[in-house]
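Asker: Pasting final39.pdb below, which is PDB, N, CA and C atoms.
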MODEL        1
ATOM      1  N   MET A   1       4.159  23.483 -14.391
ATOM      2  CA  MET A   1       4.466  22.121 -13.989
ATOM      3  C   MET A   1       4.167  21.987 -12.495
ATOM      4  N   ALA A   2       3.529  20.890 -12.135
ATOM      5  CA  ALA A   2       3.179  20.667 -10.734
ATOM      6  C   ALA A   2       4.424  20.396  -9.912
ATOM      7  N   GLU A   3       4.463  20.923  -8.719
ATOM      8  CA  GLU A   3       5.620  20.770  -7.829
ATOM      9  C   GLU A   3       5.957  19.306  -7.598
ATOM     10  N   GLN A   4       4.957  18.439  -7.464
ATOM     11  CA  GLN A   4       5.237  17.038  -7.163
ATOM     12  C   GLN A   4       5.900  16.303  -8.327
ATOM     13  N   ASN A   5       5.887  16.868  -9.528
ATOM     14  CA  ASN A   5       6.524  16.234 -10.673
ATOM     15  C   ASN A   5       7.979  16.666 -10.863
ATOM     16  N   LEU A   6       8.433  17.587 -10.050
ATOM     17  CA  LEU A   6       9.800  18.091 -10.174
ATOM     18  C   LEU A   6      10.771  17.230  -9.380
ATOM     19  N   THR A   7      11.990  17.134  -9.886
ATOM     20  CA  THR A   7      13.030  16.472  -9.110
ATOM     21  C   THR A   7      13.498  17.429  -8.024
ATOM     22  N   THR A   8      14.222  16.891  -7.072
ATOM     23  CA  THR A   8      14.754  17.726  -5.995
ATOM     24  C   THR A   8      15.697  18.785  -6.554
ATOM     25  N   ALA A   9      16.495  18.407  -7.557
ATOM     26  CA  ALA A   9      17.414  19.370  -8.172
ATOM     27  C   ALA A   9      16.646  20.504  -8.854
ATOM     28  N   GLU A  10      15.543  20.172  -9.531
ATOM     29  CA  GLU A  10      14.740  21.209 -10.181
ATOM     30  C   GLU A  10      14.121  22.145  -9.146
ATOM     31  N   ILE A  11      13.676  21.581  -8.032
ATOM     32  CA  ILE A  11      13.107  22.411  -6.966
ATOM     33  C   ILE A  11      14.201  23.318  -6.392
ATOM     34  N   ALA A  12      15.404  22.766  -6.210
ATOM     35  CA  ALA A  12      16.521  23.576  -5.692
ATOM     36  C   ALA A  12      16.833  24.726  -6.650
ATOM     37  N   ARG A  13      16.834  24.443  -7.954
ATOM     38  CA  ARG A  13      17.072  25.506  -8.953
ATOM     39  C   ARG A  13      15.996  26.583  -8.854
ATOM     40  N   ARG A  14      14.742  26.157  -8.754
ATOM     41  CA  ARG A  14      13.637  27.117  -8.654
ATOM     42  C   ARG A  14      13.752  27.980  -7.404
ATOM     43  N   ASN A  15      14.332  27.406  -6.362
ATOM     44  CA  ASN A  15      14.473  28.133  -5.098
ATOM     45  C   ASN A  15      15.779  28.910  -5.019
ATOM     46  N   GLY A  16      16.469  29.014  -6.153
ATOM     47  CA  GLY A  16      17.636  29.880  -6.210
ATOM     48  C   GLY A  16      18.991  29.223  -6.076
ATOM     49  N   CYS A  17      19.048  27.920  -5.957
ATOM     50  CA  CYS A  17      20.346  27.247  -5.859
ATOM     51  C   CYS A  17      21.004  27.268  -7.237
ATOM     52  N   GLU A  18      22.188  27.849  -7.293
ATOM     53  CA  GLU A  18      22.913  27.934  -8.565
ATOM     54  C   GLU A  18      24.271  27.243  -8.491
ATOM     55  N   ASP A  19      24.589  26.667  -7.355
ATOM     56  CA  ASP A  19      25.884  26.015  -7.162
ATOM     57  C   ASP A  19      25.912  24.710  -7.957
ATOM     58  N   PRO A  20      26.749  24.626  -9.002
ATOM     59  CA  PRO A  20      26.755  23.423  -9.846
ATOM     60  C   PRO A  20      27.195  22.164  -9.105
ATOM     61  N   ILE A  21      28.028  22.319  -8.098
ATOM     62  CA  ILE A  21      28.473  21.149  -7.332
ATOM     63  C   ILE A  21      27.319  20.598  -6.492
ATOM     64  N   VAL A  22      26.622  21.497  -5.830
ATOM     65  CA  VAL A  22      25.480  21.082  -5.011
ATOM     66  C   VAL A  22      24.407  20.438  -5.894
ATOM     67  N   LEU A  23      24.105  21.064  -7.026
ATOM     68  CA  LEU A  23      23.090  20.510  -7.927
ATOM     69  C   LEU A  23      23.508  19.146  -8.455
ATOM     70  N   ALA A  24      24.784  18.978  -8.778
ATOM     71  CA  ALA A  24      25.282  17.687  -9.255
ATOM     72  C   ALA A  24      25.170  16.632  -8.155
ATOM     73  N   GLN A  25      25.472  17.022  -6.918
ATOM     74  CA  GLN A  25      25.350  16.082  -5.806
ATOM     75  C   GLN A  25      23.902  15.667  -5.581
ATOM     76  N   ILE A  26      22.985  16.617  -5.704
ATOM     77  CA  ILE A  26      21.558  16.315  -5.552
ATOM     78  C   ILE A  26      21.120  15.350  -6.654
ATOM     79  N   GLU A  27      21.522  15.639  -7.900
ATOM     80  CA  GLU A  27      21.147  14.774  -9.014
ATOM     81  C   GLU A  27      21.722  13.375  -8.848
ATOM     82  N   ARG A  28      22.976  13.292  -8.397
ATOM     83  CA  ARG A  28      23.609  11.986  -8.179
ATOM     84  C   ARG A  28      22.867  11.214  -7.084
ATOM     85  N   ALA A  29      22.500  11.893  -6.020
ATOM     86  CA  ALA A  29      21.767  11.240  -4.932
ATOM     87  C   ALA A  29      20.412  10.731  -5.405
ATOM     88  N   GLU A  30      19.726  11.523  -6.228
ATOM     89  CA  GLU A  30      18.434  11.092  -6.770
ATOM     90  C   GLU A  30      18.606   9.871  -7.667
ATOM     91  N   TYR A  31      19.650   9.873  -8.493
ATOM     92  CA  TYR A  31      19.923   8.748  -9.389
ATOM     93  C   TYR A  31      20.191   7.474  -8.577
ATOM     94  N   ILE A  32      21.014   7.598  -7.540
ATOM     95  CA  ILE A  32      21.326   6.446  -6.694
ATOM     96  C   ILE A  32      20.070   5.949  -5.978
ATOM     97  N   ALA A  33      19.248   6.862  -5.512
ATOM     98  CA  ALA A  33      17.998   6.482  -4.846
ATOM     99  C   ALA A  33      17.088   5.714  -5.803
ATOM    100  N   GLU A  34      17.022   6.150  -7.063
ATOM    101  CA  GLU A  34      16.215   5.442  -8.057
ATOM    102  C   GLU A  34      16.772   4.049  -8.328
ATOM    103  N   LEU A  35      18.101   3.929  -8.390
ATOM    104  CA  LEU A  35      18.720   2.614  -8.582
ATOM    105  C   LEU A  35      18.399   1.681  -7.417
ATOM    106  N   ILE A  36      18.530   2.206  -6.206
ATOM    107  CA  ILE A  36      18.243   1.396  -5.015
ATOM    108  C   ILE A  36      16.782   0.976  -5.004
ATOM    109  N   HIS A  37      15.887   1.897  -5.326
ATOM    110  CA  HIS A  37      14.456   1.572  -5.359
ATOM    111  C   HIS A  37      14.178   0.494  -6.398
ATOM    112  N   GLY A  38      14.773   0.637  -7.586
ATOM    113  CA  GLY A  38      14.580  -0.363  -8.636
ATOM    114  C   GLY A  38      15.115  -1.720  -8.229
ATOM    115  N   LEU A  39      16.277  -1.733  -7.594
ATOM    116  CA  LEU A  39      16.873  -2.989  -7.153
ATOM    117  C   LEU A  39      16.031  -3.657  -6.075
ATOM    118  N   THR A  40      15.579  -2.880  -5.103
ATOM    119  CA  THR A  40      14.768  -3.480  -4.037
ATOM    120  C   THR A  40      13.431  -3.976  -4.578
ATOM    121  N   SER A  41      12.868  -3.279  -5.549
ATOM    122  CA  SER A  41      11.624  -3.740  -6.168
ATOM    123  C   SER A  41      11.853  -5.054  -6.909
ATOM    124  N   TRP A  42      12.972  -5.148  -7.633
ATOM    125  CA  TRP A  42      13.299  -6.365  -8.367
ATOM    126  C   TRP A  42      13.513  -7.530  -7.396
ATOM    127  N   VAL A  43      14.270  -7.285  -6.323
ATOM    128  CA  VAL A  43      14.525  -8.334  -5.332
ATOM    129  C   VAL A  43      13.215  -8.775  -4.689
ATOM    130  N   SER A  44      12.357  -7.834  -4.362
ATOM    131  CA  SER A  44      11.070  -8.159  -3.760
ATOM    132  C   SER A  44      10.239  -9.050  -4.682
ATOM    133  N   THR A  45      10.224  -8.721  -5.960
ATOM    134  CA  THR A  45       9.487  -9.522  -6.934
ATOM    135  C   THR A  45      10.051 -10.926  -7.019
ATOM    136  N   LYS A  46      11.377 -11.044  -7.073
ATOM    137  CA  LYS A  46      12.012 -12.364  -7.166
ATOM    138  C   LYS A  46      11.750 -13.191  -5.915
ATOM    139  N   VAL A  47      11.839 -12.575  -4.742
ATOM    140  CA  VAL A  47      11.576 -13.296  -3.495
ATOM    141  C   VAL A  47      10.136 -13.788  -3.477
ATOM    142  N   SER A  48       9.221 -12.964  -3.915
ATOM    143  CA  SER A  48       7.815 -13.358  -3.975
ATOM    144  C   SER A  48       7.620 -14.540  -4.927
ATOM    145  N   GLN A  49       8.281 -14.502  -6.078
ATOM    146  CA  GLN A  49       8.177 -15.610  -7.036
ATOM    147  C   GLN A  49       8.732 -16.903  -6.454
ATOM    148  N   VAL A  50       9.886 -16.810  -5.804
ATOM    149  CA  VAL A  50      10.494 -17.997  -5.190
ATOM    150  C   VAL A  50       9.591 -18.545  -4.089
ATOM    151  N   ALA A  51       9.043 -17.665  -3.266
ATOM    152  CA  ALA A  51       8.147 -18.104  -2.196
ATOM    153  C   ALA A  51       6.929 -18.813  -2.779
ATOM    154  N   HIS A  52       6.395 -18.286  -3.853
ATOM    155  CA  HIS A  52       5.246 -18.914  -4.506
ATOM    156  C   HIS A  52       5.613 -20.295  -5.034
ATOM    157  N   GLU A  53       6.782 -20.410  -5.670
ATOM    158  CA  GLU A  53       7.220 -21.696  -6.208
ATOM    159  C   GLU A  53       7.489 -22.715  -5.102
ATOM    160  N   VAL A  54       8.086 -22.274  -3.996
ATOM    161  CA  VAL A  54       8.352 -23.175  -2.871
ATOM    162  C   VAL A  54       7.044 -23.650  -2.263
ATOM    163  N   THR A  55       6.094 -22.742  -2.107
ATOM    164  CA  THR A  55       4.783 -23.111  -1.570
ATOM    165  C   THR A  55       4.111 -24.132  -2.471
ATOM    166  N   ALA A  56       4.168 -23.905  -3.775
ATOM    167  CA  ALA A  56       3.560 -24.846  -4.721
ATOM    168  C   ALA A  56       4.256 -26.207  -4.657
ATOM    169  N   LEU A  57       5.568 -26.200  -4.516
ATOM    170  CA  LEU A  57       6.330 -27.446  -4.422
ATOM    171  C   LEU A  57       5.921 -28.237  -3.178
ATOM    172  N   PHE A  58       5.866 -27.576  -2.028
ATOM    173  CA  PHE A  58       5.457 -28.266  -0.807
ATOM    174  C   PHE A  58       4.009 -28.728  -0.891
ATOM    175  N   HIS A  59       3.176 -27.943  -1.526
ATOM    176  CA  HIS A  59       1.760 -28.316  -1.664
ATOM    177  C   HIS A  59       1.638 -29.578  -2.512
ATOM    178  N   ARG A  60       2.413 -29.668  -3.602
ATOM    179  CA  ARG A  60       2.359 -30.866  -4.452
ATOM    180  C   ARG A  60       2.848 -32.097  -3.704
ATOM    181  N   HIS A  61       3.901 -31.946  -2.909
ATOM    182  CA  HIS A  61       4.467 -33.099  -2.206
ATOM    183  C   HIS A  61       3.677 -33.483  -0.969
ATOM    184  N   ALA A  62       2.805 -32.604  -0.501
ATOM    185  CA  ALA A  62       2.004 -32.898   0.680
ATOM    186  C   ALA A  62       0.843 -33.833   0.360
ATOM    187  N   HIS A  63       0.505 -33.930  -0.928
ATOM    188  CA  HIS A  63      -0.655 -34.763  -1.301
ATOM    189  C   HIS A  63      -0.241 -36.022  -1.979
TER     190      HIS A  63
ENDMDL
END
Taking this structure as input, can you express it in the form of structure tokens?
Answerer:
Amino acid sequence: MAEQNLTTAEIARRNGCEDPIVLAQIERAEYIAELIHGLTSWVSTKVSQVAHEVTALFHRHAH
């Protein structure tokens, strides 16, 4: 398996980390990071859609 496809927790395991608390914390941090990334992507998409609709609205009323 390519290194870039591994999670941070998997890399830590491969490098000898066996502490279940540390591994759980790493996994939790990765999960939260994925949630934040998904949320910011969703917000970005919605803001872009709203901006497009507002631009179209002003364009229609300008003519």
Asker: Which of chain A counts as helix (DSSP H, G or I) under DSSP, as a PyMOL selection string please?
Answerer: chain A and resi 3-5+8-14+20-62
Asker: For Ile21 in chain A, which residue out of A:Ile36, A:Val54, A:Ala9, A:Val43 is the nearest one, using only C-alpha atoms?
Answerer: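 Checking each of A:Ile36, A:Val54, A:Ala9, A:Val43 against Ile21 in chain A, counting only C-alpha atoms, the winner is A:Ala9.
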Asker: Any idea what the distance is between atom N of Leu57 in chain A and CA of Trp42 in chain A?
Answerer: 21.6 Å
Asker: Using atom N of Cys17 in chain A and CA of Leu35 in chain A as the two end points, give the distance in Å to one decimal.
Answerer: 25.4 Å
Asker: What is the distance, in Å and to one decimal place, between CA of Arg28 in chain A and atom C of Arg13 in chain A?
Answerer: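 Computing the Euclidean distance for CA of Arg28 in chain A and atom C of Arg13 in chain A yields 16.5 Å.
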Asker: Which one is closest to Glu30 in chain A: A:Ala62, A:Glu18, A:Thr7, A:Val47? Count all atoms listed in the file.
Answerer: A:Thr7
